[in-house]
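Dropping start_22.txt in here (compact mmCIF, C-alpha atoms):
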```
# COMPACT_ATOMS: atom_id res chain seq x y z
CA MET A 187 10.13 -38.69 15.49
CA ASN A 188 9.08 -37.36 12.07
CA SER A 189 5.38 -37.28 12.87
CA SER A 190 5.37 -33.68 14.02
CA PRO A 191 6.95 -32.19 10.86
CA THR A 192 4.78 -34.44 8.72
CA THR A 193 1.66 -33.32 10.55
CA ALA A 194 2.67 -29.68 10.16
CA ARG A 195 3.20 -30.17 6.43
CA ARG A 196 -0.19 -31.83 6.11
CA ARG A 197 -1.87 -28.99 7.95
CA LYS A 198 -0.08 -26.46 5.77
CA ASN A 199 -1.08 -28.27 2.58
CA SER A 200 -4.63 -28.61 3.81
CA LEU A 201 -4.78 -24.89 4.61
CA LEU A 202 -3.43 -24.04 1.15
CA ARG A 203 -6.02 -26.28 -0.50
CA TYR A 204 -8.83 -24.64 1.43
CA LEU A 205 -7.53 -21.16 0.61
CA SER A 206 -7.23 -22.06 -3.08
CA LEU A 207 -10.72 -23.53 -3.07
CA GLY A 208 -12.08 -20.44 -1.33
CA ALA A 209 -10.40 -18.18 -3.89
CA LEU A 210 -11.95 -20.22 -6.71
CA VAL A 211 -15.41 -20.06 -5.11
CA LEU A 212 -15.09 -16.29 -4.76
CA SER A 213 -13.75 -15.93 -8.31
CA ALA A 214 -16.64 -17.95 -9.73
CA LEU A 215 -19.22 -15.90 -7.80
CA VAL A 216 -17.64 -12.59 -8.86
CA ALA A 217 -17.39 -13.67 -12.49
CA LEU A 218 -21.03 -14.81 -12.57
CA TRP A 219 -22.08 -11.52 -10.95
CA GLN A 220 -20.04 -9.62 -13.52
CA SER A 221 -21.66 -11.48 -16.38
CA LEU A 222 -25.16 -10.83 -15.04
CA ARG A 223 -24.48 -7.13 -14.46
CA VAL A 224 -22.91 -6.61 -17.89
CA HIS A 225 -25.80 -8.29 -19.70
CA ARG A 226 -28.25 -6.26 -17.64
CA SER A 227 -26.43 -3.05 -18.51
CA ALA A 228 -26.51 -3.96 -22.21
CA ARG A 229 -30.27 -4.62 -22.07
CA GLU A 230 -30.91 -1.31 -20.33
CA THR A 231 -28.89 0.79 -22.78
CA HIS A 232 -31.12 2.36 -25.44
CA PRO A 233 -30.44 5.06 -28.05
CA PRO A 234 -31.91 8.53 -27.52
CA ASP A 235 -35.54 9.00 -28.54
CA GLU A 236 -36.35 10.65 -31.83
CA ALA A 237 -38.26 13.59 -30.32
CA PRO A 238 -39.27 16.82 -32.09
CA LEU A 239 -37.64 20.01 -30.89
CA PRO A 240 -39.75 22.90 -29.59
CA MET A 241 -39.93 26.08 -31.62
CA PRO A 242 -37.79 27.95 -31.06
CA ALA A 243 -35.22 25.37 -29.99
CA PRO A 244 -33.31 26.23 -26.80
CA HIS A 245 -29.83 27.64 -27.25
CA VAL A 246 -27.04 25.16 -26.60
CA SER A 247 -23.53 26.15 -25.54
CA ILE A 248 -20.89 23.54 -26.35
CA ILE A 249 -17.84 23.76 -24.08
CA LEU A 250 -14.77 21.95 -25.34
CA PRO A 251 -11.53 21.89 -23.30
CA VAL A 252 -8.42 21.08 -25.33
CA ARG A 253 -4.73 20.64 -24.64
CA ASN A 254 -2.16 19.86 -27.35
CA GLU A 255 -4.76 18.47 -29.77
CA GLU A 256 -3.21 19.43 -33.10
CA THR A 257 -3.78 15.96 -34.58
CA THR A 258 -7.46 15.65 -33.59
CA LEU A 259 -8.81 19.19 -33.31
CA ASP A 260 -9.84 19.78 -36.93
CA ALA A 261 -11.92 16.61 -37.22
CA CYS A 262 -13.60 17.20 -33.86
CA LEU A 263 -14.58 20.80 -34.62
CA ALA A 264 -15.73 19.96 -38.13
CA SER A 265 -18.09 17.33 -36.73
CA LEU A 266 -19.44 19.74 -34.10
CA LEU A 267 -20.05 22.56 -36.57
CA ALA A 268 -21.93 20.13 -38.83
CA GLN A 269 -24.60 19.48 -36.18
CA GLU A 270 -28.20 19.55 -37.44
CA TYR A 271 -29.28 21.90 -34.67
CA PRO A 272 -30.56 25.43 -35.25
CA ASP A 273 -29.04 27.39 -32.34
CA PHE A 274 -25.68 26.63 -30.75
CA ASP A 275 -22.23 28.07 -30.20
CA ILE A 276 -18.90 26.54 -29.24
CA THR A 277 -16.64 27.83 -26.48
CA ILE A 278 -13.18 26.28 -26.58
CA ILE A 279 -10.97 26.38 -23.49
CA ASP A 280 -7.34 26.07 -24.55
CA ASP A 281 -5.51 24.49 -21.62
CA GLY A 282 -2.12 26.07 -22.22
CA SER A 283 -1.39 24.12 -25.42
CA THR A 284 2.24 24.15 -26.52
CA ASP A 285 1.81 22.61 -29.98
CA ALA A 286 -0.02 23.97 -33.04
CA THR A 287 -3.40 23.97 -31.28
CA PRO A 288 -3.50 27.79 -30.66
CA ARG A 289 -2.79 28.49 -34.33
CA LEU A 290 -5.50 26.08 -35.45
CA LEU A 291 -7.98 27.59 -32.99
CA ALA A 292 -7.27 31.10 -34.26
CA ALA A 293 -8.00 29.95 -37.79
CA TRP A 294 -11.25 28.26 -36.76
CA SER A 295 -12.50 31.27 -34.78
CA THR A 296 -11.87 33.51 -37.81
CA ARG A 297 -13.66 31.07 -40.08
CA ASP A 298 -16.84 30.60 -38.00
CA GLN A 299 -18.37 33.20 -35.68
CA ARG A 300 -20.02 30.50 -33.56
CA ILE A 301 -16.59 29.64 -32.13
CA GLN A 302 -15.07 31.52 -29.20
CA VAL A 303 -11.64 30.64 -27.85
CA HIS A 304 -10.31 31.29 -24.35
CA ARG A 305 -6.82 30.36 -23.20
CA ILE A 306 -6.31 29.42 -19.54
CA ASP A 307 -2.83 28.35 -18.53
CA ARG A 308 -3.84 26.67 -15.26
CA LEU A 309 -6.71 24.46 -16.48
CA PRO A 310 -6.05 20.69 -16.50
CA GLY A 311 -6.30 19.05 -19.90
CA GLY A 312 -9.38 17.73 -21.68
CA TRP A 313 -9.52 16.01 -25.04
CA ALA A 314 -10.79 16.59 -28.56
CA ASP A 315 -10.64 13.02 -29.86
CA THR A 316 -14.37 12.64 -30.52
CA ARG A 317 -16.27 12.69 -33.82
CA HIS A 318 -19.95 13.66 -33.79
CA ALA A 319 -22.54 12.54 -36.30
CA PRO A 320 -24.61 15.49 -37.62
CA GLN A 321 -27.84 14.37 -35.91
CA THR A 322 -26.25 13.87 -32.46
CA LEU A 323 -27.04 17.22 -30.83
CA ARG A 324 -30.59 17.29 -32.22
CA LEU A 325 -31.35 13.77 -30.96
CA MET A 326 -29.78 14.29 -27.55
CA THR A 327 -31.46 17.65 -26.95
CA GLY A 328 -34.86 16.35 -28.06
CA HIS A 329 -34.48 13.32 -25.79
CA ALA A 330 -33.40 15.43 -22.80
CA LEU A 331 -36.36 17.79 -23.22
CA ARG A 332 -38.85 14.94 -23.57
CA LYS A 333 -37.50 13.04 -20.54
CA GLN A 334 -36.90 16.25 -18.55
CA ASP A 335 -33.31 15.23 -17.92
CA ASP A 336 -31.01 17.57 -16.04
CA LEU A 337 -27.93 15.65 -17.14
CA LEU A 338 -27.86 13.35 -20.15
CA SER A 339 -24.73 11.43 -21.06
CA MET A 340 -23.88 8.91 -23.72
CA ARG A 341 -21.99 5.64 -23.94
CA THR A 342 -19.80 6.21 -26.98
CA THR A 343 -20.05 2.58 -27.97
CA LEU A 344 -18.93 3.21 -31.54
CA MET A 345 -15.22 3.61 -30.94
CA THR A 346 -12.12 3.46 -33.07
CA LEU A 347 -10.21 0.74 -31.27
CA ILE A 348 -6.56 0.94 -32.25
CA GLY A 349 -3.86 -1.16 -30.64
CA PRO A 350 -3.92 -4.06 -28.18
CA ALA A 351 -4.20 -1.88 -25.08
CA THR A 352 -7.61 -0.53 -26.06
CA SER A 353 -8.99 -3.85 -27.28
CA LEU A 354 -7.88 -5.64 -24.13
CA LEU A 355 -8.61 -3.06 -21.43
CA MET A 356 -11.42 -0.78 -22.60
CA PRO A 357 -14.14 -3.48 -22.57
CA LEU A 358 -13.06 -4.53 -19.08
CA SER A 359 -13.47 -0.91 -17.97
CA GLU A 360 -17.10 -1.24 -19.07
CA VAL A 361 -17.36 -4.45 -17.03
CA LEU A 362 -16.11 -2.58 -13.96
CA LEU A 363 -18.61 0.20 -14.65
CA ALA A 364 -21.44 -2.35 -14.65
CA HIS A 365 -20.31 -3.31 -11.14
CA ARG A 366 -20.97 0.24 -10.00
CA VAL A 367 -24.18 1.14 -11.79
CA THR A 368 -26.39 0.20 -14.75
CA PRO A 369 -28.38 2.64 -16.92
CA ALA A 370 -31.66 1.84 -15.13
CA GLU A 371 -30.00 2.46 -11.77
CA VAL A 372 -28.69 5.79 -13.04
CA ARG A 373 -32.28 6.79 -13.86
CA ASP A 374 -33.64 5.45 -10.56
CA PRO A 375 -33.84 8.37 -8.07
CA ALA A 376 -33.72 5.90 -5.15
CA PHE A 377 -30.38 4.44 -6.25
CA PRO A 378 -27.50 6.44 -4.70
CA HIS A 379 -24.96 6.29 -7.54
CA ALA A 380 -24.80 7.81 -11.00
CA PHE A 381 -22.34 8.02 -13.85
CA ALA A 382 -21.57 10.14 -16.89
CA PHE A 383 -19.12 9.77 -19.75
CA GLY A 384 -16.91 12.82 -20.11
CA GLN A 385 -16.81 12.48 -23.90
CA TYR A 386 -20.43 13.71 -24.06
CA ILE A 387 -22.49 15.40 -21.34
CA LEU A 388 -25.63 17.39 -22.05
CA LEU A 389 -26.39 19.54 -19.02
CA ARG A 390 -29.25 21.85 -18.13
CA ARG A 391 -27.79 25.21 -17.15
CA GLU A 392 -30.31 25.83 -14.35
CA ALA A 393 -29.47 22.47 -12.75
CA TYR A 394 -25.76 23.16 -12.95
CA LEU A 395 -26.09 26.53 -11.22
CA ALA A 396 -28.54 25.26 -8.59
CA THR A 397 -26.28 22.39 -7.52
CA GLY A 398 -23.12 24.49 -7.44
CA GLY A 399 -21.45 22.75 -10.37
CA TYR A 400 -17.69 22.86 -10.17
CA ALA A 401 -17.87 25.28 -7.25
CA ALA A 402 -19.38 22.51 -5.09
CA ALA A 403 -17.25 20.87 -2.42
CA GLY A 404 -14.95 18.18 -3.78
CA MET A 405 -15.54 18.93 -7.44
CA ARG A 406 -12.27 20.76 -7.97
CA GLY A 407 -10.27 18.05 -6.25
CA THR A 408 -11.01 15.18 -8.61
CA PRO A 409 -9.77 14.38 -12.11
CA ILE A 410 -12.80 12.12 -12.70
CA ASP A 411 -15.17 15.06 -12.76
CA ASP A 412 -17.67 13.42 -15.12
CA LEU A 413 -18.55 10.82 -12.49
CA ALA A 414 -18.44 13.39 -9.69
CA LEU A 415 -20.72 15.78 -11.59
CA ALA A 416 -23.32 13.06 -12.18
CA ASP A 417 -23.21 12.08 -8.50
CA LEU A 418 -23.55 15.74 -7.51
CA LEU A 419 -26.67 16.35 -9.57
CA LYS A 420 -28.31 13.10 -8.55
CA GLY A 421 -27.54 13.80 -4.91
CA HIS A 422 -29.53 17.02 -5.29
CA GLY A 423 -32.52 15.13 -6.64
CA ARG A 424 -31.86 15.96 -10.29
CA ARG A 425 -32.65 13.54 -13.11
CA VAL A 426 -29.59 11.86 -14.64
CA GLU A 427 -29.68 9.49 -17.60
CA ILE A 428 -27.29 7.56 -19.85
CA VAL A 429 -28.21 6.50 -23.38
CA GLY A 430 -26.43 4.48 -26.05
CA GLY A 431 -24.40 6.40 -28.61
CA ARG A 432 -23.75 3.75 -31.24
CA GLY A 433 -23.44 5.54 -34.55
CA LEU A 434 -23.57 8.99 -32.94
CA VAL A 435 -20.17 9.66 -31.39
CA ALA A 436 -16.87 7.98 -32.19
CA ASN A 437 -14.13 8.24 -29.58
CA ARG A 438 -10.52 7.16 -29.96
CA GLN A 439 -8.28 6.74 -26.95
CA TRP A 440 -5.71 4.37 -25.47
CA THR A 441 -4.09 3.79 -28.86
CA THR A 442 -0.82 2.68 -27.20
CA TRP A 443 0.17 0.95 -23.98
CA ARG A 444 1.58 4.26 -22.74
CA SER A 445 -1.70 6.09 -23.31
CA ALA A 446 -3.58 3.20 -21.68
CA LEU A 447 -1.33 3.43 -18.63
CA GLN A 448 -1.81 7.20 -18.39
CA GLY A 449 -5.59 7.03 -18.86
CA TRP A 450 -6.15 4.20 -16.43
CA ARG A 451 -3.74 5.71 -13.90
CA LYS A 452 -5.67 9.01 -13.99
CA SER A 453 -9.07 7.33 -13.55
CA CYS A 454 -7.98 4.87 -10.87
CA TYR A 455 -5.97 7.48 -8.98
CA GLY A 456 -8.89 9.90 -9.11
CA GLU A 457 -11.39 7.33 -7.86
CA LEU A 458 -9.15 6.24 -4.97
CA ALA A 459 -8.20 9.83 -4.10
CA ARG A 460 -11.85 10.94 -3.84
CA SER A 461 -12.93 7.86 -1.88
CA ASN A 462 -12.81 7.29 1.86
CA TYR A 463 -10.45 4.36 1.27
CA PRO A 464 -7.44 5.68 -0.68
CA LEU A 465 -5.40 2.57 0.18
CA ALA A 466 -7.98 0.18 -1.27
CA GLY A 467 -5.57 -0.44 -4.12
CA LEU A 468 -3.33 -2.48 -1.80
CA PRO A 469 -5.70 -5.49 -1.54
CA ALA A 470 -7.35 -4.80 -4.91
CA ALA A 471 -4.14 -5.24 -6.93
CA PRO A 472 -3.30 -8.82 -5.86
CA ALA A 473 -7.01 -9.71 -5.89
CA LEU A 474 -7.28 -8.73 -9.57
CA ILE A 475 -4.13 -10.66 -10.45
CA VAL A 476 -5.37 -13.78 -8.65
CA TYR A 477 -8.79 -13.33 -10.25
CA GLY A 478 -7.18 -13.34 -13.69
CA LEU A 479 -4.59 -16.08 -13.16
CA GLY A 480 -6.23 -18.37 -10.60
CA PRO A 481 -9.05 -19.98 -12.61
CA LEU A 482 -6.96 -20.22 -15.80
CA CYS A 483 -3.95 -21.81 -14.08
CA THR A 484 -6.17 -24.21 -12.13
CA LEU A 485 -7.90 -25.35 -15.29
CA LEU A 486 -4.66 -25.78 -17.23
CA TYR A 487 -3.11 -27.77 -14.37
CA ALA A 488 -6.17 -30.03 -14.10
CA LEU A 489 -6.12 -30.74 -17.83
CA ARG A 490 -2.41 -31.50 -17.81
CA ALA A 491 -2.57 -33.72 -14.71
CA GLY A 492 -5.76 -35.49 -15.81
CA ARG A 493 -7.63 -34.29 -12.72
CA VAL A 494 -10.61 -32.85 -14.52
CA ARG A 495 -13.31 -34.44 -12.37
CA ARG A 496 -12.74 -32.23 -9.35
CA PHE A 497 -14.82 -29.52 -7.72
CA SER A 498 -11.96 -27.05 -8.08
CA THR A 499 -11.85 -27.69 -11.83
CA LEU A 500 -15.58 -27.02 -12.09
CA LEU A 501 -15.23 -23.75 -10.19
CA ALA A 502 -12.29 -22.68 -12.36
CA GLY A 503 -14.25 -23.48 -15.51
CA ILE A 504 -17.27 -21.50 -14.33
CA ALA A 505 -15.13 -18.49 -13.43
CA LEU A 506 -13.23 -18.56 -16.72
CA VAL A 507 -16.34 -18.94 -18.90
CA ALA A 508 -18.13 -16.14 -17.01
CA GLN A 509 -15.11 -13.83 -17.37
CA ILE A 510 -15.00 -14.45 -21.11
CA ASP A 511 -18.78 -14.07 -21.44
CA ALA A 512 -18.78 -10.71 -19.65
CA LYS A 513 -16.02 -9.35 -21.88
CA ARG A 514 -17.66 -10.81 -24.98
CA CYS A 515 -20.87 -8.91 -24.22
CA ILE A 516 -18.91 -5.65 -24.45
CA ASP A 517 -16.61 -6.79 -27.27
CA ARG A 518 -19.62 -7.33 -29.53
CA GLU A 519 -20.49 -3.66 -29.15
CA PHE A 520 -16.96 -2.78 -30.25
CA ASP A 521 -16.97 -5.33 -33.11
CA LEU A 522 -13.95 -7.08 -31.63
CA ALA A 523 -12.89 -10.60 -32.58
CA VAL A 524 -13.58 -13.51 -30.22
CA ALA A 525 -9.84 -13.78 -29.55
CA TRP A 526 -10.00 -10.57 -27.52
CA SER A 527 -12.76 -12.03 -25.36
CA LEU A 528 -10.65 -15.13 -24.70
CA ALA A 529 -7.93 -12.79 -23.42
CA ALA A 530 -10.11 -11.60 -20.52
CA PRO A 531 -7.91 -13.23 -17.82
CA ALA A 532 -4.86 -11.40 -19.18
CA GLY A 533 -6.79 -8.13 -19.01
CA TRP A 534 -7.56 -8.61 -15.32
CA VAL A 535 -3.89 -9.31 -14.61
CA VAL A 536 -2.88 -6.11 -16.41
CA PHE A 537 -5.49 -4.19 -14.42
CA GLY A 538 -4.05 -5.64 -11.22
CA ILE A 539 -0.58 -4.43 -12.16
CA LEU A 540 -1.94 -0.97 -12.98
CA VAL A 541 -3.79 -0.77 -9.65
CA ALA A 542 -0.57 -1.77 -7.85
CA ASP A 543 1.20 1.09 -9.63
CA VAL A 544 -1.48 3.56 -8.47
CA ALA A 545 -1.35 2.22 -4.89
CA TYR A 546 2.42 2.72 -4.88
CA ARG A 547 2.04 6.30 -6.11
CA ILE A 548 -0.48 7.07 -3.36
CA LEU A 549 1.66 5.50 -0.63
CA SER A 550 4.87 7.16 -1.80
CA GLY A 551 3.23 10.54 -2.28
CA ARG A 552 4.48 10.71 -5.89
CA GLY A 553 0.99 11.23 -7.27
CA THR A 554 0.47 11.06 -11.01
CA GLU A 555 0.22 13.29 -14.05
CA TRP A 556 -2.30 13.79 -16.83
CA LYS A 557 -1.25 15.56 -20.02
CA GLY A 558 1.77 17.06 -18.32
CA ARG A 559 -0.09 18.29 -15.22
CA GLN A 560 0.22 16.90 -11.71
CA LEU A 561 -3.12 15.61 -10.44
CA PRO A 562 -4.21 16.80 -6.99
CA LYS A 563 -3.81 14.63 -3.93
CA GLN A 564 -6.54 14.25 -1.32
CA GLY A 565 -7.61 17.63 0.00
CA GLU A 566 -6.04 19.55 -2.86
CA SER A 567 -7.96 21.17 -5.68
CA PHE A 568 -7.54 22.58 -9.11
CA SER A 569 -9.58 24.68 -11.47
CA ASP A 570 -12.66 23.49 -13.31
CA ARG A 571 -12.55 21.15 -16.29
CA GLY A 572 -14.94 18.89 -18.16
CA ASP A 573 -16.46 18.22 -21.54
CA ILE A 574 -19.90 19.77 -21.02
CA ILE A 575 -22.58 20.55 -23.50
CA SER A 576 -24.96 22.74 -21.46
CA LEU A 577 -28.48 23.76 -22.27
```
How does this structure look as structure tokens?
Amino acid sequence: MNSSPTTARRRKNSLLRYLSLGALVLSALVALWQSLRVHRSARETHPPDEAPLPMPAPHVSIILPVRNEETTLDACLASLLAQEYPDFDITIIDDGSTDATPRLLAAWSTRDQRIQVHRIDRLPGGWADTRHAPQTLRLMTGHALRKQDDLLSMRTTLMTLIGPATSLLMPLSEVLLAHRVTPAEVRDPAFPHAFAFGQYILLRREAYLATGGYAAAGMRGTPIDDLALADLLKGHGRRVEIVGGRGLVANRQWTTWRSALQGWRKSCYGELARSNYPLAGLPAAPALIVYGLGPLCTLLYALRAGRVRRFSTLLAGIALVAQIDAKRCIDREFDLAVAWSLAAPAGWVVFGILVADVAYRILSGRGTEWKGRQLPKQGESFSDRGDIISL
């Protein structure tokens, strides 16, 4: 009489075991792929060439958007004005700042004639939290001219990492980037994707105008315009390249959990909004949480129950070691302690929660904000923005 319920329970338990085993197999494969891609990206990242500049050197216009940057503006501008480059000017776009930024900009423009300031009240915010070594512009321009790059960007690998949010999440953002594209693939004209880091983009003026720049379709409707701009130029057959910026540019961001939430929300929301699958966050959120918790919980359970010699334990161990190895590859660039690499599973869980938050905002129509401005939904647009150094 009890055979039917017992059989049903056995089938249910068997199904759960197979699903758990399948999730572990997938987690191990993804983690190994991540580790391979991250190490490949690290091998392919090289500093800019030390190339002599032509005489006369081409004029460079530095465009710096700012919004409420009173605490970081002075250091950023001082580092830009100290560039060892013979011919450049700086155009600062003040995005309706409401703090002391306008007063500081007025003082800087009076002090140095190379600085021009324009205030635009409807421009979404940029940032001025970068510090530039004096040789940066000279090296980057010389490299771009030698390689005939139309767009040259830089991984600002020398960063001021402050607070647990940055140390936990920023390296995993680099892991996710390696999923999308590596530096060699960015250079490869046959590879469809590209990337650029908004903290530093060197752009040939002729290429920008020929491709339409921010007037091109879709450019004004995305808050992740650095990525979109790189894709735009590469799609038009232009040469795009990423180099390593260790020792050249220091960038500080995500100093608190709140800033990490805002930054990640902007990037994730922008990527989903510009994609053909805006609801991809629905399956991605639980997948990331399972990816972070599954292998770790399986391994801890096996150790506690003394069931170490199982295939599931092996898979969990492989996934966990590969997750830690991938994060460690990036953490070494940031000079982070090993403890932060061991926290990789927790980082993936946090990412899953953040993706769930973005998915909810898309479904509910709430959208999200960046520096006090509402980001556009699909089909909407806003005015140009971007940290561009054009040549």
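Closest to Thr554 of chain A among A:Cys454, A:Leu482, A:Leu201, A:Ala529 is A:Cys454, based on only C-alpha atoms.
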Sphere at (-3.8, -6.8, -13.2), radius 8 Å, counting all atoms listed in the file: residues as number ranges by chain: A: 471-472, 474-475, 478, 532-541
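We find atom CA of Arg253 of chain A and atom CA of Asp411 of chain A to be spaced 16.8 Å apart.
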Just give me the gap between atom CA of Asp285 of chain A and atom CA of Thr257 of chain A in Å, one decimal is fine. 9.8 Å
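Take the candidates A:Thr296, A:Gln448, A:Gln509, A:Thr316 and check each one against Ala351 of chain A using only C-alpha atoms; the shortest distance goes to A:Gln448.
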Give me the residues within 6 Å of segment 260-275 of chain A as a PyMOL selection string, counting all atoms listed in the file and dropping any in the same chain fewer than 4 places off. chain A and resi 245-247+300+316-318+320-321+324
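Between atom CA of Gly399 of chain A and atom CA of Ala292 of chain A the separation is 29.0 Å.
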Taking all atoms listed in the file into account, which of A:Leu222, A:Leu215, A:Leu355, A:Leu250 comes nearest Trp443 of chain A? A:Leu355
Contacts of segment 376-393 of chain A at 9 Å or less, counting only C-alpha atoms, minus same-chain residues fewer than 3 places along, as a VMD selection string? chain A and resid 248 313 to 316 323 326 to 327 330 335 to 342 363 366 to 369 371 to 373 396 to 399 410 to 421 424 426 to 428 435 437 572 to 577
Min atom-atom distance to Asp511 of chain A from the set A:Ala523, A:Ile249, A:Ala293, A:Val224, counting only C-alpha atoms, belongs to A:Val224
What lies within 6 Å of Thr277 of chain A using all atoms listed in the file, ignoring chain neighbours under 3 positions off, as an mmCIF file with C-alpha atoms, in the coordinates of the input?
```
data_model
loop_
_atom_site.group_PDB
_atom_site.id
_atom_site.type_symbol
_atom_site.label_atom_id
_atom_site.label_comp_id
_atom_site.auth_asym_id
_atom_site.auth_seq_id
_atom_site.Cartn_x
_atom_site.Cartn_y
_atom_site.Cartn_z
ATOM 1 C CA ILE A 249 -17.840 23.760 -24.080
ATOM 2 C CA ILE A 301 -16.590 29.640 -32.130
ATOM 3 C CA GLN A 302 -15.070 31.520 -29.200
ATOM 4 C CA VAL A 303 -11.640 30.640 -27.850
#
```
Using all atoms listed in the file, which residues sit within 7 Å of Asn254 of chain A once same-chain residues fewer than 2 positions away are excluded, as a count of residues only? 6
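Every protein or nucleic acid residue with an atom no more than 12 Å from Leu489 of chain A, counting all atoms listed in the file and leaving out same-chain residues fewer than 4 positions away, appears here: Leu482, Cys483, Thr484, Leu485, Arg493, Val494, Arg495, Arg496, Ser498, Thr499, Leu500, Ala502 and Gly503 of chain A.
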Selected residues, C-alpha atoms, written as a PDB file, keeping the file's coordinate frame, please.
```pdb
ATOM      1  CA  LEU A 482      -6.960 -20.220 -15.800  1.00  0.00           C
ATOM      2  CA  CYS A 483      -3.950 -21.810 -14.080  1.00  0.00           C
ATOM      3  CA  THR A 484      -6.170 -24.210 -12.130  1.00  0.00           C
ATOM      4  CA  LEU A 485      -7.900 -25.350 -15.290  1.00  0.00           C
ATOM      5  CA  ARG A 493      -7.630 -34.290 -12.720  1.00  0.00           C
ATOM      6  CA  VAL A 494     -10.610 -32.850 -14.520  1.00  0.00           C
ATOM      7  CA  ARG A 495     -13.310 -34.440 -12.370  1.00  0.00           C
ATOM      8  CA  ARG A 496     -12.740 -32.230  -9.350  1.00  0.00           C
ATOM      9  CA  SER A 498     -11.960 -27.050  -8.080  1.00  0.00           C
ATOM     10  CA  THR A 499     -11.850 -27.690 -11.830  1.00  0.00           C
ATOM     11  CA  LEU A 500     -15.580 -27.020 -12.090  1.00  0.00           C
ATOM     12  CA  ALA A 502     -12.290 -22.680 -12.360  1.00  0.00           C
ATOM     13  CA  GLY A 503     -14.250 -23.480 -15.510  1.00  0.00           C
TER      14      GLY A 503
END
```
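Distances from A:Gly404, A:Pro481, A:Gly328, A:Gly492 to Glu236 of chain A were compared using only C-alpha atoms, and the smallest one belongs to A:Gly328.
Among the candidate residues A:Leu458, A:Val361, A:Val507, A:Leu259, the one lying nearest to Thr408 of chain A is A:Leu458, with distances computed using all atoms listed in the file.
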Start from the incomplete input, build N, CA and C atoms for segment 538-551 of chain A, and deliver everything as a JSON list (two decimals), in the frame of the given file.
```
[["chain", "number", "residue", "atom", "x", "y", "z"],
["A", 538, "GLY", "N", -4.64, -5.48, -12.54],
["A", 538, "GLY", "CA", -4.05, -5.64, -11.22],
["A", 538, "GLY", "C", -2.71, -4.95, -11.10],
["A", 539, "ILE", "N", -1.89, -5.08, -12.15],
["A", 539, "ILE", "CA", -0.58, -4.43, -12.16],
["A", 539, "ILE", "C", -0.74, -2.91, -12.17],
["A", 540, "LEU", "N", -1.71, -2.41, -12.93],
["A", 540, "LEU", "CA", -1.94, -0.97, -12.98],
["A", 540, "LEU", "C", -2.44, -0.43, -11.64],
["A", 541, "VAL", "N", -3.30, -1.18, -10.97],
["A", 541, "VAL", "CA", -3.79, -0.77, -9.65],
["A", 541, "VAL", "C", -2.64, -0.76, -8.65],
["A", 542, "ALA", "N", -1.74, -1.75, -8.73],
["A", 542, "ALA", "CA", -0.57, -1.77, -7.85],
["A", 542, "ALA", "C", 0.29, -0.53, -8.07],
["A", 543, "ASP", "N", 0.43, -0.12, -9.33],
["A", 543, "ASP", "CA", 1.20, 1.09, -9.63],
["A", 543, "ASP", "C", 0.55, 2.32, -8.99],
["A", 544, "VAL", "N", -0.78, 2.42, -9.07],
["A", 544, "VAL", "CA", -1.48, 3.56, -8.47],
["A", 544, "VAL", "C", -1.35, 3.53, -6.95],
["A", 545, "ALA", "N", -1.49, 2.34, -6.35],
["A", 545, "ALA", "CA", -1.35, 2.22, -4.89],
["A", 545, "ALA", "C", 0.04, 2.67, -4.44],
["A", 546, "TYR", "N", 1.06, 2.29, -5.21],
["A", 546, "TYR", "CA", 2.42, 2.72, -4.88],
["A", 546, "TYR", "C", 2.55, 4.24, -4.95],
["A", 547, "ARG", "N", 1.95, 4.85, -5.96],
["A", 547, "ARG", "CA", 2.04, 6.30, -6.11],
["A", 547, "ARG", "C", 1.33, 7.02, -4.97],
["A", 548, "ILE", "N", 0.23, 6.45, -4.49],
["A", 548, "ILE", "CA", -0.48, 7.07, -3.36],
["A", 548, "ILE", "C", 0.34, 6.93, -2.08],
["A", 549, "LEU", "N", 0.89, 5.74, -1.84],
["A", 549, "LEU", "CA", 1.66, 5.50, -0.63],
["A", 549, "LEU", "C", 2.94, 6.32, -0.61],
["A", 550, "SER", "N", 3.60, 6.44, -1.75],
["A", 550, "SER", "CA", 4.87, 7.16, -1.80],
["A", 550, "SER", "C", 4.70, 8.66, -1.89],
["A", 551, "GLY", "N", 3.47, 9.12, -2.15],
["A", 551, "GLY", "CA", 3.23, 10.54, -2.28],
["A", 551, "GLY", "C", 3.66, 11.10, -3.63]]
```
